[in-house]
Amino acid sequence: MKWWQKATVYQIYPRSFQDSNGDGIGDINGIIQRLDYLQDLGIELIWLTPMYVSPGRDNGYDIADYYQIDPIFGDLADFERLLKEAHQRGIKIMMDMVVNHTSDQHRWFQESLKGKDNPYHDYYLWRDPVDGHEPNNWLSKFSGSAWEYVPALNQYYLHLYEKRMPDLNWRNPQLREEIYQMMQFWADLGIDGLRLDVINNISKDKDFPNDTFETPSDDGRNFYTNGPHVHEYIHEMYERVFGPNNFVTVGELSSTPVSEAIRYTNPEREELSMAFTFHHVKVDYTGGKKWTLGQYRLSDLKRILSQWQTEMAAGGGWNALFWSNHDQPRAISRFLDDGQYRDQSAKLLALVEFGLQGTPYIYQGEEIAMKNANFTSIDQYQDAESINAYHQMLADGISEDLAIKILQQKSRENCRIPMQWDMTANHGFTTGMPWLQPVVADDYSVATKAQAPDSVFAFYQQLVALRKTEPVLIEGQYQLLAPEDEAVYTYQRQLGDKKVRVIANFTDQTQQRANAAVKAVMMSNYPDQQLTTDQITLRPYEAVMLEIE
Ligand code: GLC
Ligand code: CA
C-alpha cells in the first residue's frame, strides 16, 4: 500500500483561503498561518491551485512564468517556508501544474507571435485559415470557437480554454524538454507531487478533423481527449520527473472512460498515481448540457460511482474521491440540503465519499459545510467561464432570470468565495476588501462550528483518522446493494471477513430498509442511531457506517 492511498488530500484555493496583508487576496503567509488547523484535521497532503506568475484571466490557470510565484501570493522564499512548515507538521505539498496551455503573456507565446520562423512558433498550435475561416469547428470550453485569429500572421492558434490561454504543442520535443526541466525545478525546491491540470487533453489529433456535433460533447473533444500520444507523454514525464522524485500525482481527466483511467493509473504503466474524474458530478447535466437547471436521480449517481469503484479496482487503477473542488458548485447545495439539514447533509456526503475506495479530497470549507454563494447579479461574478456562459445563454434566448438561476446552481464561482474562518468582518478572511464577495449572513465558520464534538469538522476528523487504521476502507472490495433504490444509497466494503456497510438516506423523508445484523456502529450523522438486527430506520439525510456480520 502506498502512503497516499491512506492519506486524505485537502485542496486549497489560495486566493480565497486566508489573506495575511489586507489586500483582499489570500496568500502564502495566510496558508502558513492555517497549517495548524489542517494538521488538526489530520490531512497529509495539500493540493495548491496555481500560484505562478499570471495575468489572472483564469485565476492562475493562465501561467506567464512557471518559475516564479505571483507577487499577489508572495515569493519563492515564502513558498519555501510554506514547504518547510508543512513538512514539519507531516503534511506534503502537491502543486498544480498547467501544461496543456500557457497564458498569452508567456514569453514563449510572445516569441511565437513574432513570425512563423521564430523557434517558439512551433511551441503552440498554429494553423492557416481554411477557406478564410477557422481551421475546424471545435469549441472552446469557455464558449465560442477554440481558434483565435492573428491578422499579422494570417493564422489561427488553438485555445481549448479562454482565448488568452493558447494550447501548447506537445509534439515538439523541445517544448517537452523545457516542461520536464521546469517540473524538476519545483522538485528540487522540495514539493512532493503534482496535480496535473487537464492533462488528458495535451495530445491533439494531428489532422484537426471537424467534430460531428451529434451530442453536446461532440464538440472537438473526440479529437483531443485521451489523444493519440497522451500515454507516451505522461510515461515520459514519469520517467523524467515523477519516478525519480518519488512524486504523488493526480491527473485531472475529464470526459474519460474507466478503461482509459485505468491506463493512466495502473502502477505497472508508470504514468499517474490517481485519476480525478467527473462523471458523477455531471449527473445533473440535462441532456449532457452543463448550463441547464438540472436534477439528478440517485440511481444514476450510484450507477456511476459504482462503475468507477468496481472497474477501477478490477483494472488496478486508483480513484481520487471528491464532491467539490474549485470548478464545482458546493455539493451540499447542489445535491442535498444546505438549509434545515445542513449538518446532516454535509456529514452524509463525507461518509459516502470516505467509505469508497480511493483517495478522498476535501475542498476548503467543505469541512465546515460551506454552501453556494448564490449570487443574484452577473456583476458579482468574476469567473470568465461563468460570465461567458451567461452571455451565451442570453444569446440563445434564455431569460436573464433563468440564466442567473442556472449560474446559482452550476457556476464554479459558488465555491470560490472566501473561506469562513470566524464571524468578524469578511469571516476573518481579510481585513481589506475581499476579491470576491463572501456570504455575509452565514453563521457557519471555523470559529463557530468546528469546535463542537459533533461538528461537521469533527466528523471529517474521525473519517480521516479511520482511513489510517481500517484497511478494509482502503483495500476492501466494493459492492452496491439495492441499485434501483431512489432514496437510499447502500454499499458494502469487504476485506477478509470484515464487512463494512454504508447506508445513506438522500431524502428529507424517513426511510425504512432491511439490514444485516450489526456488529458495531462505526460512524453515524445522528447522535442516537437505534439499531435492530434486521431493519434500519433512517431519518432525513441520515447516514451510517456499520460493521456487519
Ligand atoms: C482545469 C482547472 C480549471 C481551469 C481549466 C483550464 O479544469 O481546474 O479551473 O479553468 O483547467 O486551465
Ligand atoms: Ca494578500
# chains A, B, ... in the order shown; residues from 1 in each chain; ligands from 1
call {"tool": "residues_near_ligand", "arguments": {"ligand": "ligand 1", "cutoff": "7 Å", "atoms": "only C-alpha atoms and all ligand atoms", "output": "list in words"}}
result
Asp58, Tyr61, Asp62, Val98, Tyr161, Asp197, Val198, His326 and Asp327 of chain A
call {"tool": "write_last_selection", "arguments": {"atoms": "N, CA, C and O atoms", "output": "CSV table (one decimal), in the first residue's frame"}}
result
chain,number,residue,atom,x,y,z
A,58,ASP,N,-7.7,33.5,-15.7
A,58,ASP,CA,-8.4,32.3,-15.2
A,58,ASP,C,-7.9,31.9,-13.8
A,58,ASP,O,-7.6,30.8,-13.6
A,61,TYR,N,-4.7,29.8,-13.7
A,61,TYR,CA,-4.5,28.6,-14.7
A,61,TYR,C,-3.9,29.1,-16.0
A,61,TYR,O,-3.7,28.3,-16.9
A,62,ASP,N,-3.7,30.4,-16.1
A,62,ASP,CA,-3.1,31.0,-17.3
A,62,ASP,C,-1.7,31.5,-16.8
A,62,ASP,O,-1.5,32.6,-16.3
A,98,VAL,N,0.0,23.3,-14.9
A,98,VAL,CA,-0.8,23.5,-16.1
A,98,VAL,C,0.1,23.5,-17.3
A,98,VAL,O,0.8,24.5,-17.6
A,161,TYR,N,-9.4,26.5,-23.9
A,161,TYR,CA,-10.0,27.2,-22.8
A,161,TYR,C,-10.1,28.7,-23.2
A,161,TYR,O,-10.4,29.0,-24.3
A,197,ASP,N,-3.2,19.6,-14.4
A,197,ASP,CA,-4.4,20.2,-15.0
A,197,ASP,C,-4.7,19.7,-16.4
A,197,ASP,O,-3.8,19.6,-17.2
A,198,VAL,N,-5.9,19.4,-16.6
A,198,VAL,CA,-6.5,18.9,-17.9
A,198,VAL,C,-5.4,18.1,-18.7
A,198,VAL,O,-5.3,18.3,-19.9
A,326,HIS,N,-12.6,23.5,-6.9
A,326,HIS,CA,-12.7,24.9,-7.3
A,326,HIS,C,-13.5,25.1,-8.6
A,326,HIS,O,-13.7,26.2,-9.0
A,327,ASP,N,-13.8,24.0,-9.3
A,327,ASP,CA,-14.6,24.1,-10.5
A,327,ASP,C,-16.0,23.6,-10.4
A,327,ASP,O,-16.7,23.5,-11.4
call {"tool": "residues_near_ligand", "arguments": {"ligand": "ligand 2", "cutoff": "8 Å", "atoms": "only C-alpha atoms and all ligand atoms", "output": "VMD selection string"}}
result
chain A and resid 15 18 to 27 30 72 to 73 430
call {"tool": "write_last_selection", "arguments": {"atoms": "N, CA and C atoms", "output": "JSON list (two decimals), in the first residue's frame"}}
result
[["chain", "number", "residue", "atom", "x", "y", "z"],
["A", 15, "ARG", "N", -6.21, 31.98, -3.34],
["A", 15, "ARG", "CA", -6.82, 33.30, -3.48],
["A", 15, "ARG", "C", -7.95, 33.53, -2.47],
["A", 18, "GLN", "N", -6.82, 32.46, 2.93],
["A", 18, "GLN", "CA", -6.52, 33.38, 4.05],
["A", 18, "GLN", "C", -5.62, 34.49, 3.56],
["A", 19, "ASP", "N", -6.09, 35.70, 3.70],
["A", 19, "ASP", "CA", -5.29, 36.87, 3.35],
["A", 19, "ASP", "C", -4.48, 37.29, 4.57],
["A", 20, "SER", "N", -3.19, 37.58, 4.37],
["A", 20, "SER", "CA", -2.38, 37.97, 5.54],
["A", 20, "SER", "C", -1.99, 39.45, 5.51],
["A", 21, "ASN", "N", -2.22, 40.15, 4.39],
["A", 21, "ASN", "CA", -1.74, 41.54, 4.33],
["A", 21, "ASN", "C", -2.81, 42.55, 3.96],
["A", 22, "GLY", "N", -4.06, 42.12, 4.01],
["A", 22, "GLY", "CA", -5.14, 43.10, 3.84],
["A", 22, "GLY", "C", -5.40, 43.57, 2.42],
["A", 23, "ASP", "N", -4.81, 42.90, 1.42],
["A", 23, "ASP", "CA", -5.11, 43.33, 0.05],
["A", 23, "ASP", "C", -6.33, 42.60, -0.53],
["A", 24, "GLY", "N", -6.97, 41.77, 0.30],
["A", 24, "GLY", "CA", -8.21, 41.13, -0.15],
["A", 24, "GLY", "C", -8.00, 39.84, -0.91],
["A", 25, "ILE", "N", -6.75, 39.42, -1.06],
["A", 25, "ILE", "CA", -6.45, 38.19, -1.79],
["A", 25, "ILE", "C", -5.66, 37.25, -0.88],
["A", 26, "GLY", "N", -6.09, 36.04, -0.78],
["A", 26, "GLY", "CA", -5.38, 35.06, 0.03],
["A", 26, "GLY", "C", -3.95, 34.88, -0.45],
["A", 27, "ASP", "N", -3.06, 34.48, 0.44],
["A", 27, "ASP", "CA", -1.64, 34.40, 0.06],
["A", 27, "ASP", "C", -0.92, 33.31, 0.83],
["A", 30, "GLY", "N", -0.76, 33.52, 4.55],
["A", 30, "GLY", "CA", -2.06, 33.14, 5.09],
["A", 30, "GLY", "C", -2.18, 31.63, 5.23],
["A", 72, "ILE", "N", 1.13, 38.52, -5.94],
["A", 72, "ILE", "CA", -0.07, 38.63, -5.10],
["A", 72, "ILE", "C", -0.07, 37.54, -4.01],
["A", 73, "PHE", "N", 0.65, 36.45, -4.25],
["A", 73, "PHE", "CA", 0.68, 35.35, -3.26],
["A", 73, "PHE", "C", 1.92, 35.38, -2.37],
["A", 430, "THR", "N", -10.12, 38.44, 5.39],
["A", 430, "THR", "CA", -9.27, 39.60, 5.10],
["A", 430, "THR", "C", -9.73, 40.79, 5.93]]
call {"tool": "closest_residue", "arguments": {"among": "A:Tyr363, A:Phe142, A:Phe278, A:Phe213", "to": "Glu385 of chain A", "atoms": "only C-alpha atoms"}}
result
A:Phe142
call {"tool": "residues_around", "arguments": {"residues": "Tyr124 of chain A", "least_positions_apart": "6", "cutoff": "9 Å", "atoms": "only C-alpha atoms", "output": "ChimeraX atom specification"}}
result
/A:101,108-109,112,157-158,166-170,172
call {"tool": "decode", "arguments": {"residues": "segment 201-217 of chain A", "atoms": "all heavy atoms", "output": "PDB file, in the first residue's frame"}}
result
ATOM      1  N   ASN A 201      -5.729  16.201 -22.181  1.00  0.00           N
ATOM      2  CA  ASN A 201      -6.018  16.931 -23.420  1.00  0.00           C
ATOM      3  C   ASN A 201      -4.759  17.369 -24.163  1.00  0.00           C
ATOM      4  O   ASN A 201      -4.851  18.110 -25.146  1.00  0.00           O
ATOM      5  CB  ASN A 201      -6.842  18.187 -23.110  1.00  0.00           C
ATOM      6  CG  ASN A 201      -8.236  17.849 -22.613  1.00  0.00           C
ATOM      7  OD1 ASN A 201      -8.718  16.742 -22.826  1.00  0.00           O
ATOM      8  ND2 ASN A 201      -8.877  18.784 -21.947  1.00  0.00           N
ATOM      9  N   ILE A 202      -3.603  16.932 -23.725  1.00  0.00           N
ATOM     10  CA  ILE A 202      -2.376  17.518 -24.296  1.00  0.00           C
ATOM     11  C   ILE A 202      -2.016  16.987 -25.677  1.00  0.00           C
ATOM     12  O   ILE A 202      -1.256  17.613 -26.398  1.00  0.00           O
ATOM     13  CB  ILE A 202      -1.154  17.359 -23.347  1.00  0.00           C
ATOM     14  CG1 ILE A 202      -0.861  15.884 -23.074  1.00  0.00           C
ATOM     15  CG2 ILE A 202      -1.367  18.139 -22.054  1.00  0.00           C
ATOM     16  CD1 ILE A 202       0.402  15.672 -22.223  1.00  0.00           C
ATOM     17  N   SER A 203      -2.566  15.839 -26.073  1.00  0.00           N
ATOM     18  CA  SER A 203      -2.197  15.282 -27.382  1.00  0.00           C
ATOM     19  C   SER A 203      -3.372  15.386 -28.358  1.00  0.00           C
ATOM     20  O   SER A 203      -4.365  14.676 -28.233  1.00  0.00           O
ATOM     21  CB  SER A 203      -1.771  13.830 -27.205  1.00  0.00           C
ATOM     22  OG  SER A 203      -1.621  13.209 -28.462  1.00  0.00           O
ATOM     23  N   LYS A 204      -3.231  16.278 -29.318  1.00  0.00           N
ATOM     24  CA  LYS A 204      -4.325  16.517 -30.273  1.00  0.00           C
ATOM     25  C   LYS A 204      -4.146  15.671 -31.536  1.00  0.00           C
ATOM     26  O   LYS A 204      -3.018  15.405 -31.943  1.00  0.00           O
ATOM     27  CB  LYS A 204      -4.374  17.999 -30.672  1.00  0.00           C
ATOM     28  CG  LYS A 204      -5.048  18.908 -29.640  1.00  0.00           C
ATOM     29  CD  LYS A 204      -4.145  19.326 -28.513  1.00  0.00           C
ATOM     30  CE  LYS A 204      -4.782  20.350 -27.574  1.00  0.00           C
ATOM     31  NZ  LYS A 204      -3.991  20.535 -26.338  1.00  0.00           N
ATOM     32  N   ASP A 205      -5.253  15.299 -32.150  1.00  0.00           N
ATOM     33  CA  ASP A 205      -5.187  14.629 -33.454  1.00  0.00           C
ATOM     34  C   ASP A 205      -4.471  15.557 -34.434  1.00  0.00           C
ATOM     35  O   ASP A 205      -4.862  16.711 -34.589  1.00  0.00           O
ATOM     36  CB  ASP A 205      -6.613  14.336 -33.926  1.00  0.00           C
ATOM     37  CG  ASP A 205      -6.632  13.506 -35.196  1.00  0.00           C
ATOM     38  OD1 ASP A 205      -5.912  13.838 -36.172  1.00  0.00           O
ATOM     39  OD2 ASP A 205      -7.393  12.529 -35.213  1.00  0.00           O
ATOM     40  N   LYS A 206      -3.443  15.055 -35.102  1.00  0.00           N
ATOM     41  CA  LYS A 206      -2.620  15.964 -35.897  1.00  0.00           C
ATOM     42  C   LYS A 206      -3.355  16.533 -37.118  1.00  0.00           C
ATOM     43  O   LYS A 206      -2.958  17.542 -37.673  1.00  0.00           O
ATOM     44  CB  LYS A 206      -1.318  15.286 -36.324  1.00  0.00           C
ATOM     45  CG  LYS A 206      -1.472  14.151 -37.301  1.00  0.00           C
ATOM     46  CD  LYS A 206      -0.082  13.670 -37.713  1.00  0.00           C
ATOM     47  CE  LYS A 206      -0.061  12.578 -38.757  1.00  0.00           C
ATOM     48  NZ  LYS A 206      -1.302  11.943 -39.138  1.00  0.00           N
ATOM     49  N   ASP A 207      -4.439  15.884 -37.521  1.00  0.00           N
ATOM     50  CA  ASP A 207      -5.192  16.368 -38.686  1.00  0.00           C
ATOM     51  C   ASP A 207      -6.304  17.370 -38.327  1.00  0.00           C
ATOM     52  O   ASP A 207      -6.937  17.919 -39.217  1.00  0.00           O
ATOM     53  CB  ASP A 207      -5.812  15.182 -39.440  1.00  0.00           C
ATOM     54  CG  ASP A 207      -4.738  14.247 -39.953  1.00  0.00           C
ATOM     55  OD1 ASP A 207      -3.644  14.757 -40.303  1.00  0.00           O
ATOM     56  OD2 ASP A 207      -4.950  13.016 -39.963  1.00  0.00           O
ATOM     57  N   PHE A 208      -6.536  17.568 -37.052  1.00  0.00           N
ATOM     58  CA  PHE A 208      -7.569  18.524 -36.606  1.00  0.00           C
ATOM     59  C   PHE A 208      -8.890  18.369 -37.373  1.00  0.00           C
ATOM     60  O   PHE A 208      -9.390  19.334 -37.963  1.00  0.00           O
ATOM     61  CB  PHE A 208      -7.046  19.964 -36.712  1.00  0.00           C
ATOM     62  CG  PHE A 208      -5.949  20.249 -35.725  1.00  0.00           C
ATOM     63  CD1 PHE A 208      -4.616  19.995 -36.048  1.00  0.00           C
ATOM     64  CD2 PHE A 208      -6.244  20.740 -34.460  1.00  0.00           C
ATOM     65  CE1 PHE A 208      -3.607  20.224 -35.125  1.00  0.00           C
ATOM     66  CE2 PHE A 208      -5.236  20.971 -33.545  1.00  0.00           C
ATOM     67  CZ  PHE A 208      -3.916  20.709 -33.881  1.00  0.00           C
ATOM     68  N   PRO A 209      -9.489  17.178 -37.370  1.00  0.00           N
ATOM     69  CA  PRO A 209     -10.746  16.996 -38.120  1.00  0.00           C
ATOM     70  C   PRO A 209     -11.922  17.720 -37.457  1.00  0.00           C
ATOM     71  O   PRO A 209     -11.896  17.968 -36.253  1.00  0.00           O
ATOM     72  CB  PRO A 209     -10.988  15.476 -38.052  1.00  0.00           C
ATOM     73  CG  PRO A 209      -9.824  14.883 -37.327  1.00  0.00           C
ATOM     74  CD  PRO A 209      -9.085  15.987 -36.636  1.00  0.00           C
ATOM     75  N   ASN A 210     -12.933  18.035 -38.243  1.00  0.00           N
ATOM     76  CA  ASN A 210     -14.175  18.573 -37.690  1.00  0.00           C
ATOM     77  C   ASN A 210     -14.859  17.530 -36.825  1.00  0.00           C
ATOM     78  O   ASN A 210     -14.757  16.342 -37.093  1.00  0.00           O
ATOM     79  CB  ASN A 210     -15.135  18.953 -38.821  1.00  0.00           C
ATOM     80  CG  ASN A 210     -14.781  20.296 -39.416  1.00  0.00           C
ATOM     81  OD1 ASN A 210     -14.398  21.225 -38.703  1.00  0.00           O
ATOM     82  ND2 ASN A 210     -14.885  20.391 -40.728  1.00  0.00           N
ATOM     83  N   ASP A 211     -15.576  17.993 -35.800  1.00  0.00           N
ATOM     84  CA  ASP A 211     -16.366  17.052 -34.999  1.00  0.00           C
ATOM     85  C   ASP A 211     -17.812  17.063 -35.508  1.00  0.00           C
ATOM     86  O   ASP A 211     -18.195  17.917 -36.313  1.00  0.00           O
ATOM     87  CB  ASP A 211     -16.276  17.401 -33.500  1.00  0.00           C
ATOM     88  CG  ASP A 211     -16.361  16.147 -32.625  1.00  0.00           C
ATOM     89  OD1 ASP A 211     -16.963  15.149 -33.060  1.00  0.00           O
ATOM     90  OD2 ASP A 211     -15.835  16.171 -31.486  1.00  0.00           O
ATOM     91  N   THR A 212     -18.628  16.107 -35.017  1.00  0.00           N
ATOM     92  CA  THR A 212     -19.946  15.886 -35.614  1.00  0.00           C
ATOM     93  C   THR A 212     -21.080  16.689 -34.988  1.00  0.00           C
ATOM     94  O   THR A 212     -22.119  16.885 -35.607  1.00  0.00           O
ATOM     95  CB  THR A 212     -20.354  14.410 -35.459  1.00  0.00           C
ATOM     96  OG1 THR A 212     -20.432  14.126 -34.041  1.00  0.00           O
ATOM     97  CG2 THR A 212     -19.334  13.501 -36.118  1.00  0.00           C
ATOM     98  N   PHE A 213     -20.920  17.095 -33.733  1.00  0.00           N
ATOM     99  CA  PHE A 213     -21.987  17.797 -33.002  1.00  0.00           C
ATOM    100  C   PHE A 213     -23.276  16.974 -32.890  1.00  0.00           C
ATOM    101  O   PHE A 213     -24.354  17.534 -32.748  1.00  0.00           O
ATOM    102  CB  PHE A 213     -22.245  19.187 -33.596  1.00  0.00           C
ATOM    103  CG  PHE A 213     -21.154  20.140 -33.224  1.00  0.00           C
ATOM    104  CD1 PHE A 213     -19.983  20.181 -33.969  1.00  0.00           C
ATOM    105  CD2 PHE A 213     -21.264  20.928 -32.088  1.00  0.00           C
ATOM    106  CE1 PHE A 213     -18.938  21.019 -33.590  1.00  0.00           C
ATOM    107  CE2 PHE A 213     -20.220  21.764 -31.714  1.00  0.00           C
ATOM    108  CZ  PHE A 213     -19.063  21.805 -32.472  1.00  0.00           C
ATOM    109  N   GLU A 214     -23.144  15.666 -32.951  1.00  0.00           N
ATOM    110  CA  GLU A 214     -24.333  14.826 -32.738  1.00  0.00           C
ATOM    111  C   GLU A 214     -24.840  14.949 -31.308  1.00  0.00           C
ATOM    112  O   GLU A 214     -26.036  14.923 -31.059  1.00  0.00           O
ATOM    113  CB  GLU A 214     -24.016  13.371 -33.065  1.00  0.00           C
ATOM    114  CG  GLU A 214     -24.241  13.058 -34.538  1.00  0.00           C
ATOM    115  CD  GLU A 214     -23.606  11.751 -34.953  1.00  0.00           C
ATOM    116  OE1 GLU A 214     -23.514  10.841 -34.089  1.00  0.00           O
ATOM    117  OE2 GLU A 214     -23.201  11.661 -36.117  1.00  0.00           O
ATOM    118  N   THR A 215     -23.938  15.043 -30.337  1.00  0.00           N
ATOM    119  CA  THR A 215     -24.324  15.292 -28.945  1.00  0.00           C
ATOM    120  C   THR A 215     -23.514  16.505 -28.474  1.00  0.00           C
ATOM    121  O   THR A 215     -22.540  16.895 -29.149  1.00  0.00           O
ATOM    122  CB  THR A 215     -23.975  14.095 -28.022  1.00  0.00           C
ATOM    123  OG1 THR A 215     -22.564  14.091 -27.805  1.00  0.00           O
ATOM    124  CG2 THR A 215     -24.417  12.772 -28.627  1.00  0.00           C
ATOM    125  N   PRO A 216     -23.912  17.094 -27.331  1.00  0.00           N
ATOM    126  CA  PRO A 216     -23.176  18.279 -26.862  1.00  0.00           C
ATOM    127  C   PRO A 216     -21.685  18.023 -26.664  1.00  0.00           C
ATOM    128  O   PRO A 216     -20.888  18.970 -26.687  1.00  0.00           O
ATOM    129  CB  PRO A 216     -23.845  18.604 -25.527  1.00  0.00           C
ATOM    130  CG  PRO A 216     -25.200  17.991 -25.598  1.00  0.00           C
ATOM    131  CD  PRO A 216     -25.076  16.790 -26.483  1.00  0.00           C
ATOM    132  N   SER A 217     -21.299  16.775 -26.473  1.00  0.00           N
ATOM    133  CA  SER A 217     -19.868  16.562 -26.263  1.00  0.00           C
ATOM    134  C   SER A 217     -19.105  16.218 -27.556  1.00  0.00           C
ATOM    135  O   SER A 217     -17.896  16.012 -27.515  1.00  0.00           O
ATOM    136  CB  SER A 217     -19.622  15.504 -25.181  1.00  0.00           C
ATOM    137  OG  SER A 217     -20.369  14.361 -25.449  1.00  0.00           O
TER     138      SER A 217
END
